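Colleague: data-v7.csv (CSV, C-alpha atoms) pasted underneath:
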```csv
chain,number,residue,atom,x,y,z
A,133,MET,CA,-1.3,13.4,21.9
A,134,ILE,CA,1.0,11.7,24.4
A,135,ARG,CA,3.7,9.6,22.7
A,136,LEU,CA,4.9,6.5,24.5
A,137,PRO,CA,8.7,5.8,24.7
A,138,TRP,CA,9.8,3.7,21.7
A,139,ARG,CA,10.6,0.6,23.8
A,140,VAL,CA,7.2,0.7,25.5
A,141,GLN,CA,5.3,1.2,22.2
A,142,ASN,CA,7.3,-1.6,20.6
A,143,LEU,CA,6.5,-4.0,23.4
A,144,ALA,CA,2.8,-3.0,23.3
A,145,ASP,CA,2.8,-3.6,19.5
A,146,LYS,CA,4.3,-7.0,19.9
A,147,ILE,CA,1.7,-8.0,22.6
A,148,ILE,CA,-1.2,-6.8,20.4
A,149,SER,CA,0.3,-8.6,17.4
A,150,ALA,CA,0.7,-11.8,19.4
A,151,GLY,CA,-2.9,-11.6,20.6
A,152,HIS,CA,-4.2,-11.3,17.0
A,153,TYR,CA,-1.9,-14.1,15.9
A,154,TYR,CA,-3.1,-16.7,18.5
A,155,ALA,CA,-6.8,-15.7,18.2
A,156,ASN,CA,-6.5,-16.2,14.5
A,157,ARG,CA,-4.8,-19.6,14.9
A,158,MET,CA,-7.8,-20.8,17.0
A,159,ARG,CA,-10.3,-20.1,14.3
A,160,GLY,CA,-11.5,-22.7,11.8
A,161,ARG,CA,-10.1,-22.9,8.2
A,162,ARG,CA,-12.1,-22.1,5.2
A,163,LEU,CA,-12.5,-24.9,2.7
A,164,SER,CA,-13.6,-23.2,-0.5
A,165,GLY,CA,-12.0,-21.4,-3.4
A,166,SER,CA,-8.5,-21.3,-4.6
A,167,ARG,CA,-5.8,-21.9,-1.9
A,168,ILE,CA,-3.4,-19.0,-1.8
A,169,LEU,CA,-0.4,-18.4,0.5
A,170,PHE,CA,0.9,-14.9,1.0
A,171,CYS,CA,4.6,-14.5,2.0
A,172,VAL,CA,5.8,-11.0,2.9
A,173,PRO,CA,9.3,-10.9,4.3
A,174,PHE,CA,9.5,-7.2,5.1
A,175,TYR,CA,7.6,-6.7,8.3
A,176,GLY,CA,6.8,-3.1,9.2
A,177,TYR,CA,4.5,-0.2,8.8
A,178,THR,CA,5.1,0.5,5.1
A,179,GLY,CA,2.8,1.2,2.2
A,180,GLY,CA,4.0,-1.8,0.3
A,181,ALA,CA,3.4,-4.2,3.3
A,182,PHE,CA,-0.1,-2.8,3.8
A,183,ALA,CA,-0.9,-3.1,0.1
A,184,VAL,CA,0.2,-6.8,-0.1
A,185,LEU,CA,-1.7,-7.6,3.1
A,186,SER,CA,-4.8,-5.7,1.7
A,187,ALA,CA,-4.7,-8.0,-1.3
A,188,ALA,CA,-4.7,-11.0,0.9
A,189,ASN,CA,-7.7,-9.7,2.9
A,190,LEU,CA,-9.5,-8.9,-0.4
A,191,LEU,CA,-9.0,-12.3,-1.9
A,192,SER,CA,-10.1,-14.0,1.4
A,193,GLU,CA,-13.7,-13.0,0.4
A,194,SER,CA,-13.7,-15.7,-2.3
A,195,CYS,CA,-10.6,-17.8,-1.8
A,196,GLU,CA,-8.9,-19.8,1.0
A,197,VAL,CA,-6.1,-17.5,1.9
A,198,SER,CA,-3.2,-18.1,4.3
A,199,PHE,CA,-0.6,-15.5,5.5
A,200,LEU,CA,2.9,-16.8,6.6
A,201,THR,CA,3.7,-14.9,9.7
A,202,LYS,CA,4.9,-15.1,13.3
A,203,ALA,CA,3.4,-13.9,16.6
A,204,SER,CA,5.6,-10.7,16.8
A,205,ASN,CA,4.7,-9.5,13.3
A,206,VAL,CA,3.3,-6.0,13.7
A,207,MET,CA,1.1,-6.5,10.7
A,208,ASN,CA,-1.0,-9.2,12.4
A,209,ARG,CA,-3.6,-6.8,13.7
A,210,TYR,CA,-4.5,-5.8,10.1
A,211,VAL,CA,-5.1,-9.4,8.9
A,212,SER,CA,-8.7,-10.1,8.1
A,213,PRO,CA,-10.4,-12.8,10.3
A,214,LYS,CA,-11.0,-14.7,7.0
A,215,VAL,CA,-7.3,-15.0,6.4
A,216,ARG,CA,-5.6,-17.9,8.2
A,217,MET,CA,-2.3,-17.0,9.8
A,218,VAL,CA,0.3,-19.8,9.6
A,219,SER,CA,3.8,-20.1,11.0
A,220,GLU,CA,5.0,-22.7,8.4
A,221,VAL,CA,4.1,-23.9,4.9
A,222,THR,CA,1.5,-26.6,5.2
A,223,GLY,CA,-0.1,-26.6,1.7
A,224,PRO,CA,-0.8,-27.7,-0.9
A,225,TYR,CA,-1.5,-24.3,-2.5
A,226,ASP,CA,-2.8,-23.3,-5.9
A,227,PHE,CA,-0.9,-19.9,-5.7
A,228,CYS,CA,1.8,-18.4,-3.7
A,229,VAL,CA,2.1,-14.6,-3.7
A,230,ILE,CA,5.6,-13.4,-2.7
A,231,GLU,CA,7.7,-10.3,-2.5
A,232,SER,CA,11.4,-10.3,-3.3
A,233,GLY,CA,13.3,-11.4,-0.2
A,234,VAL,CA,11.3,-14.4,0.7
A,235,ASP,CA,13.4,-17.4,1.7
A,236,PRO,CA,14.1,-19.3,-1.6
A,237,ALA,CA,13.6,-22.6,0.3
A,238,ILE,CA,10.0,-21.6,1.0
A,239,VAL,CA,9.4,-20.7,-2.6
A,240,SER,CA,10.9,-24.0,-3.7
A,241,GLN,CA,8.8,-25.9,-1.3
A,242,VAL,CA,5.5,-24.5,-2.5
A,243,LYS,CA,6.5,-24.7,-6.1
A,244,ARG,CA,7.2,-28.4,-5.7
A,245,GLY,CA,3.7,-28.7,-4.3
A,246,GLY,CA,2.3,-27.4,-7.6
A,247,ALA,CA,1.6,-23.8,-6.7
A,248,CYS,CA,1.8,-21.0,-9.2
A,249,ILE,CA,4.3,-18.4,-8.0
A,250,ILE,CA,3.3,-14.8,-8.3
A,251,LEU,CA,5.8,-12.0,-7.5
A,252,THR,CA,3.9,-8.9,-6.3
A,253,MET,CA,5.9,-5.7,-6.9
A,254,HIS,CA,5.1,-2.4,-5.2
A,255,GLY,CA,8.4,-0.4,-5.4
A,256,ALA,CA,9.4,2.1,-8.1
A,257,PRO,CA,12.7,1.9,-10.0
A,258,SER,CA,15.7,3.6,-8.5
A,259,THR,CA,16.2,7.2,-9.6
A,260,ALA,CA,19.4,8.5,-11.3
A,261,ASP,CA,20.8,9.7,-8.0
A,262,GLY,CA,20.4,6.2,-6.5
A,263,ALA,CA,17.3,6.8,-4.4
A,264,LYS,CA,14.9,3.9,-4.1
A,265,ASN,CA,11.6,3.2,-2.3
A,266,TYR,CA,11.8,-0.6,-2.0
A,267,GLY,CA,13.7,-2.6,0.6
A,268,TYR,CA,15.2,-5.4,-1.4
A,269,SER,CA,18.7,-6.0,-2.9
A,270,ASP,CA,19.2,-6.7,-6.6
A,271,LYS,CA,20.2,-10.3,-5.6
A,272,GLN,CA,16.9,-10.9,-3.8
A,273,ILE,CA,15.0,-9.6,-6.8
A,274,ALA,CA,17.0,-11.8,-9.1
A,275,ASN,CA,16.4,-14.9,-7.0
A,276,ALA,CA,12.6,-14.2,-6.9
A,277,LEU,CA,12.5,-13.7,-10.7
A,278,GLN,CA,14.0,-17.2,-11.2
A,279,ALA,CA,11.1,-18.9,-9.5
A,280,VAL,CA,8.0,-16.9,-10.6
A,281,ASP,CA,5.3,-17.8,-13.1
A,282,SER,CA,4.0,-14.3,-13.3
A,283,ILE,CA,4.5,-10.7,-11.9
A,284,GLN,CA,1.7,-8.5,-10.5
A,285,TYR,CA,2.6,-4.8,-10.4
A,286,VAL,CA,0.6,-1.7,-9.6
A,287,SER,CA,1.8,1.2,-11.8
A,288,ASP,CA,3.2,1.9,-15.2
A,289,VAL,CA,6.1,3.7,-13.3
A,290,GLN,CA,7.4,0.2,-12.7
A,291,LEU,CA,7.7,-0.8,-16.4
A,292,PRO,CA,11.5,0.0,-16.5
A,293,PHE,CA,11.9,-2.9,-14.0
A,294,PHE,CA,10.9,-5.3,-16.7
A,295,GLU,CA,13.5,-4.2,-19.3
A,296,GLY,CA,16.0,-7.0,-19.7
A,297,ILE,CA,14.3,-9.7,-17.6
A,298,GLY,CA,12.8,-11.7,-20.5
A,299,SER,CA,9.2,-12.5,-21.3
A,300,ILE,CA,7.9,-13.2,-17.8
A,301,HIS,CA,4.1,-13.0,-17.8
A,302,ARG,CA,2.8,-9.9,-15.9
A,303,ARG,CA,-0.4,-8.0,-15.2
A,304,LYS,CA,-1.0,-4.6,-13.8
A,305,ILE,CA,-3.5,-4.6,-10.9
A,306,PRO,CA,-3.7,-1.4,-8.9
A,307,ASN,CA,-3.8,-1.2,-5.1
A,308,TYR,CA,-7.2,-0.7,-3.6
A,309,VAL,CA,-8.3,1.0,-0.4
A,310,LEU,CA,-11.3,0.7,1.8
A,311,PRO,CA,-13.6,3.8,1.8
A,312,VAL,CA,-12.8,6.4,4.4
A,313,GLN,CA,-15.8,8.3,5.8
A,314,LYS,CA,-15.3,12.0,6.3
A,315,ALA,CA,-17.8,13.6,8.7
A,316,ARG,CA,-16.8,17.3,8.8
A,317,ARG,CA,-15.4,20.0,6.5
A,318,GLY,CA,-13.2,22.9,7.4
A,319,ARG,CA,-10.1,24.6,6.1
A,320,ALA,CA,-7.2,22.4,7.2
A,321,VAL,CA,-4.3,20.9,5.2
A,322,GLY,CA,-3.0,17.5,5.9
A,323,LEU,CA,0.3,15.6,5.2
A,324,VAL,CA,0.4,11.8,5.7
A,325,CYS,CA,3.8,10.2,5.4
A,326,ASP,CA,6.9,9.0,7.1
A,327,THR,CA,8.4,12.5,7.5
A,328,THR,CA,11.8,11.1,8.4
A,329,LEU,CA,12.3,10.0,4.8
A,330,PRO,CA,14.0,12.8,2.7
A,331,HIS,CA,12.2,11.9,-0.5
A,332,LYS,CA,8.8,12.4,1.1
A,333,ASN,CA,9.7,16.2,1.1
A,334,ALA,CA,7.5,16.8,4.2
A,335,ASP,CA,9.3,20.1,4.9
A,336,GLY,CA,8.5,21.4,1.4
A,337,GLY,CA,4.8,20.5,1.9
A,338,ILE,CA,4.7,22.2,5.3
A,339,ALA,CA,6.5,25.4,4.1
A,340,ALA,CA,4.0,25.7,1.2
A,341,ALA,CA,1.0,25.0,3.4
A,342,GLU,CA,2.1,27.8,5.7
A,343,LEU,CA,1.8,30.2,2.8
A,344,SER,CA,-1.7,29.2,2.2
A,345,SER,CA,-4.9,30.3,3.8
A,346,ALA,CA,-5.3,27.0,5.7
A,347,ASP,CA,-6.4,27.3,9.3
A,348,ARG,CA,-4.4,24.3,10.4
A,349,ILE,CA,-1.7,22.0,9.1
A,350,GLU,CA,-2.2,18.4,10.4
A,351,ILE,CA,0.8,16.1,10.0
A,352,TRP,CA,0.4,12.4,10.4
A,353,GLY,CA,3.2,9.8,10.3
A,354,ARG,CA,6.5,9.0,11.9
A,355,TYR,CA,8.6,12.0,12.9
A,356,HIS,CA,11.7,12.9,15.0
A,357,ASN,CA,12.4,15.9,17.1
A,358,ARG,CA,9.4,18.0,16.1
A,359,ARG,CA,7.0,20.1,18.1
A,360,SER,CA,3.5,21.4,17.4
A,361,THR,CA,3.7,25.2,17.0
A,362,GLY,CA,1.1,27.7,15.8
A,363,ARG,CA,-1.0,26.2,13.0
A,364,ILE,CA,1.2,23.1,12.8
A,365,CYS,CA,0.1,20.0,14.6
A,366,TRP,CA,2.4,16.9,14.7
A,367,ASN,CA,0.2,13.8,15.4
A,368,GLY,CA,2.5,10.9,14.9
A,369,PHE,CA,1.5,7.5,13.5
A,370,SER,CA,-2.1,6.3,13.7
A,371,SER,CA,-4.0,3.4,12.1
A,372,ASP,CA,-7.4,5.2,12.7
A,373,LYS,CA,-8.1,6.3,9.1
A,374,ALA,CA,-11.3,8.1,10.0
A,375,ARG,CA,-9.5,10.2,12.6
A,376,ILE,CA,-6.7,11.0,10.2
A,377,TYR,CA,-8.8,12.1,7.2
A,378,ASP,CA,-11.4,13.9,9.3
A,379,SER,CA,-8.7,16.2,10.6
A,380,PHE,CA,-8.0,17.9,7.3
A,381,ASP,CA,-9.7,19.0,4.0
A,382,VAL,CA,-6.9,19.0,1.5
A,383,LEU,CA,-4.1,16.5,1.2
A,384,VAL,CA,-0.6,17.9,0.3
A,385,HIS,CA,1.8,15.2,-1.0
A,386,LEU,CA,5.0,16.6,-2.5
A,387,SER,CA,7.0,13.4,-2.5
A,388,ARG,CA,9.7,13.3,-5.1
A,389,LEU,CA,9.6,9.5,-5.5
A,390,GLU,CA,6.4,7.4,-5.6
A,391,ASN,CA,4.8,4.5,-7.2
A,392,GLN,CA,1.2,4.3,-6.1
A,393,PRO,CA,0.9,5.7,-2.6
A,394,LEU,CA,-2.2,4.5,-0.6
A,395,VAL,CA,-2.6,7.8,1.1
A,396,ILE,CA,-3.7,9.5,-2.1
A,397,LEU,CA,-6.2,6.7,-2.8
A,398,GLU,CA,-7.5,7.0,0.7
A,399,ALA,CA,-7.9,10.7,0.4
A,400,ILE,CA,-9.8,10.3,-2.8
A,401,SER,CA,-12.1,7.7,-1.3
A,402,ALA,CA,-13.0,10.3,1.4
A,403,GLY,CA,-13.6,13.0,-1.3
A,404,ILE,CA,-10.6,15.0,-0.2
A,405,PRO,CA,-8.9,17.1,-2.9
A,406,CYS,CA,-5.1,16.6,-3.3
A,407,VAL,CA,-2.2,18.8,-4.2
A,408,LEU,CA,0.6,16.8,-5.7
A,409,ALA,CA,4.0,17.1,-7.3
A,410,PRO,CA,3.8,16.3,-11.0
A,411,LEU,CA,5.2,12.8,-10.9
A,412,SER,CA,4.6,10.3,-13.7
A,413,ALA,CA,3.1,8.0,-11.0
A,414,TYR,CA,0.1,10.3,-10.9
A,415,ASP,CA,-0.6,10.4,-14.6
A,416,GLY,CA,-3.8,8.5,-14.0
A,417,PHE,CA,-5.1,11.4,-12.0
A,418,ARG,CA,-4.5,14.1,-14.6
A,419,GLY,CA,-7.6,15.8,-15.7
A,420,LEU,CA,-9.5,14.7,-12.7
A,421,GLU,CA,-11.3,17.5,-10.9
A,422,GLY,CA,-10.1,17.9,-7.4
A,423,ILE,CA,-6.5,16.9,-8.2
A,424,TYR,CA,-4.1,19.8,-8.4
A,425,PHE,CA,-0.5,19.7,-9.5
A,426,ALA,CA,2.3,22.1,-8.6
A,427,GLN,CA,6.1,22.0,-8.7
A,428,ASP,CA,7.4,21.0,-5.3
A,429,HIS,CA,10.2,23.6,-5.6
A,430,ASP,CA,7.7,26.5,-6.0
A,431,PRO,CA,6.0,26.9,-2.6
A,432,ALA,CA,4.0,29.9,-3.8
A,433,ALA,CA,2.5,27.8,-6.6
A,434,VAL,CA,1.7,25.0,-4.2
A,435,ALA,CA,0.1,27.5,-1.8
A,436,ARG,CA,-2.2,28.8,-4.6
A,437,ALA,CA,-3.2,25.2,-5.5
A,438,ILE,CA,-4.0,24.5,-1.8
A,439,ASP,CA,-6.3,27.6,-1.7
A,440,GLN,CA,-8.0,26.4,-4.8
A,441,ALA,CA,-8.5,23.0,-3.3
A,442,LEU,CA,-9.8,24.3,-0.1
A,443,ASP,CA,-12.5,26.2,-2.0
A,444,CYS,CA,-13.5,23.4,-4.4
A,445,PRO,CA,-17.3,22.7,-4.4
A,446,GLN,CA,-18.9,19.6,-2.9
A,447,ALA,CA,-19.8,18.2,-6.3
A,448,VAL,CA,-16.0,17.9,-7.1
A,449,ARG,CA,-15.5,16.0,-3.8
A,450,GLU,CA,-18.3,13.7,-4.7
A,451,GLY,CA,-16.7,13.1,-8.1
A,452,LEU,CA,-13.5,12.0,-6.4
A,453,ILE,CA,-15.5,9.4,-4.5
A,454,ARG,CA,-17.0,8.1,-7.7
A,455,PHE,CA,-13.6,7.9,-9.3
A,456,TRP,CA,-12.3,5.8,-6.3
A,457,ASP,CA,-15.3,3.5,-6.5
A,458,ALA,CA,-14.8,2.8,-10.3
A,459,ASN,CA,-11.0,2.3,-10.1
A,460,TYR,CA,-9.7,1.6,-6.6
A,461,SER,CA,-12.5,0.2,-4.5
A,462,PRO,CA,-12.5,-3.4,-3.3
A,463,HIS,CA,-15.1,-4.7,-5.8
A,464,ALA,CA,-13.2,-3.0,-8.8
A,465,VAL,CA,-9.8,-4.5,-7.8
A,466,LEU,CA,-11.2,-8.0,-6.7
A,467,ALA,CA,-12.6,-8.6,-10.2
A,468,GLN,CA,-9.1,-7.9,-11.7
A,469,TRP,CA,-7.4,-10.3,-9.2
A,470,ILE,CA,-9.8,-13.2,-9.9
A,471,SER,CA,-9.4,-12.7,-13.7
A,472,TYR,CA,-5.6,-12.6,-13.2
A,473,LEU,CA,-5.4,-15.8,-11.1
A,474,THR,CA,-7.5,-17.7,-13.6
A,475,GLU,CA,-5.2,-16.6,-16.4
A,476,VAL,CA,-2.0,-17.5,-14.5
A,477,ARG,CA,-3.4,-21.0,-13.7
A,478,GLN,CA,-4.5,-21.6,-17.3
A,479,ARG,CA,-1.1,-20.6,-18.6
A,480,LYS,CA,0.7,-23.0,-16.3
A,481,GLU,CA,-1.6,-25.8,-17.2
A,482,GLN,CA,-1.1,-25.1,-20.9
A,483,GLY,CA,2.6,-25.1,-20.4
A,484,ALA,CA,2.6,-28.4,-18.6
A,485,HIS,CA,0.4,-29.9,-21.3
A,486,ALA,CA,2.7,-28.7,-24.0
A,487,ALA,CA,5.7,-30.1,-22.2
A,488,ALA,CA,4.0,-33.5,-21.8
A,489,LEU,CA,3.3,-33.6,-25.5
A,490,SER,CA,6.9,-32.8,-26.4
A,491,SER,CA,8.4,-35.4,-24.1
```
Rewrite the coordinates I just gave you, this time as structure tokens.
Modeller:
Amino acid sequence: MIRLPWRVQNLADKIISAGHYYANRMRGRRLSGSRILFCVPFYGYTGGAFAVLSAANLLSESCEVSFLTKASNVMNRYVSPKVRMVSEVTGPYDFCVIESGVDPAIVSQVKRGGACIILTMHGAPSTADGAKNYGYSDKQIANALQAVDSIQYVSDVQLPFFEGIGSIHRRKIPNYVLPVQKARRGRAVGLVCDTTLPHKNADGGIAAAELSSADRIEIWGRYHNRRSTGRICWNGFSSDKARIYDSFDVLVHLSRLENQPLVILEAISAGIPCVLAPLSAYDGFRGLEGIYFAQDHDPAAVARAIDQALDCPQAVREGLIRFWDANYSPHAVLAQWISYLTEVRQRKEQGAHAAALSS
């Protein structure tokens, strides 16, 4: 695959994003359901950004959803046609879903208009050595917490975040992913991540895969100064999920710091077995056939797990798809979001009623 120079690719991305933005602005506005504004300050190709935008797309099936953005936002191309892109707060809104880092003035504005403020959290707590997988400062998080009515988080790994912040209402709602259709089966291993991030441990995954019986090692995601050699193929970034997951048969993900990576959910939706490092973030997958755990510092053990995964029967792969459907599919997660929004609004109304009675 020919890679364009960064400046050319960046310009192309901005042109495509602007096209989606202006086409969206010309569409009519939906006038039914709860009115929800999504504000995501960190624009870029990250799992967290995709997850928040995916929630907006999901809720647009039954609510009137707006996404605060600008023409150059690279995420515009992934916004559902049912989501209205806006460049400024127009309101009024029933809910405003924010990430830490949103301009406090925007939050104050929608809150004055009566919106319930929901902080959506997708990062994991920092590790003892200071590593973190979220892009916001402690001050930005503190500012957001002062304004929120509730917190939506995606994994029990995040629970240490809540120690010491008081009794803010919260609900765990996992990320969801759309189903990925896999058309062929072979004996290839795949890694899907930003390989430039040390905590993703891409080199560890590649080294272990080379010890396995895999025919090919397909690597997807951002990389720097790498060349395809022998069994190893560096593919770069792609948004074509079918192309990515059809290129391999076992996902290897030996990241040392994760919360709820979408890549694993996408692989499961395609019926692809996974070899993972034994992180607490993956506790919900323990005991699930087709999910294999191996210590990331033991490449021989990882290679053995890869070989087991390559040979797992079709029935196991079909079981992974059923597990995705029950837990991480759009219909499963949408039901949780609707229930959650109803609870948040009721709590706010009850609080306002109690305050009126006491005044």
Colleague: Quick one: pull the distance between CA of Leu251 (chain A) and CA of Glu231 (chain A), Å, one decimal.
Modeller: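 So the two atoms, CA of Leu251 (chain A) and CA of Glu231 (chain A), lie 5.6 Å apart.
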Colleague: Please indicate the distance in Å from CA of Ser345 (chain A) to CA of Pro330 (chain A), rounded to one decimal place.
Modeller: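 Interatomic distance here is 25.8 Å.
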Colleague: Tell me which of A:Met207, A:Leu383, A:Ala237, A:Val434 sits closest to Ser186 (chain A), counting all atoms listed in the file.
Modeller: A:Met207
Colleague: How many Å separate CA of Thr474 (chain A) from CA of Pro224 (chain A)?
Modeller: 17.5 Å
Colleague: Give me the residues within 10 Å of Val289 (chain A) as JSON, numbers by chain, counting all atoms listed in the file and dropping any in the same chain fewer than 6 places off.
Modeller: {"A": [255, 256, 257, 390, 391, 392, 411, 412, 413, 414, 415]}
Colleague: Which of these, A:Leu489, A:Ile250, A:Ala441, A:Leu408, has the shortest distance to Val476 (chain A) once you count all atoms listed in the file?
Modeller: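 Closest residue, counting all atoms listed in the file: A:Ile250.
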Colleague: As a PyMOL selection string, please: the residues near Cys248 (chain A) (cut-off 7 Å, all atoms listed in the file, same-chain neighbours under 6 positions excluded).
Modeller: chain A and resi 226-228+281+477
Colleague: Keeping only C-alpha atoms, take the residues you just selected and write them out as a PDB file, in the coordinates of the input.
Modeller:
```
ATOM      1  CA  ASP A 226      -2.800 -23.300  -5.900  1.00  0.00           C
ATOM      2  CA  PHE A 227      -0.900 -19.900  -5.700  1.00  0.00           C
ATOM      3  CA  CYS A 228       1.800 -18.400  -3.700  1.00  0.00           C
ATOM      4  CA  ASP A 281       5.300 -17.800 -13.100  1.00  0.00           C
ATOM      5  CA  ARG A 477      -3.400 -21.000 -13.700  1.00  0.00           C
TER       6      ARG A 477
END
```
Colleague: Anything within 10 Å of (1.1, 0.5, -17.9): list those residues as a ChimeraX atom specification, counting all atoms listed in the file and sticking to the file's coordinates.
Modeller: /A:285-291,303-305
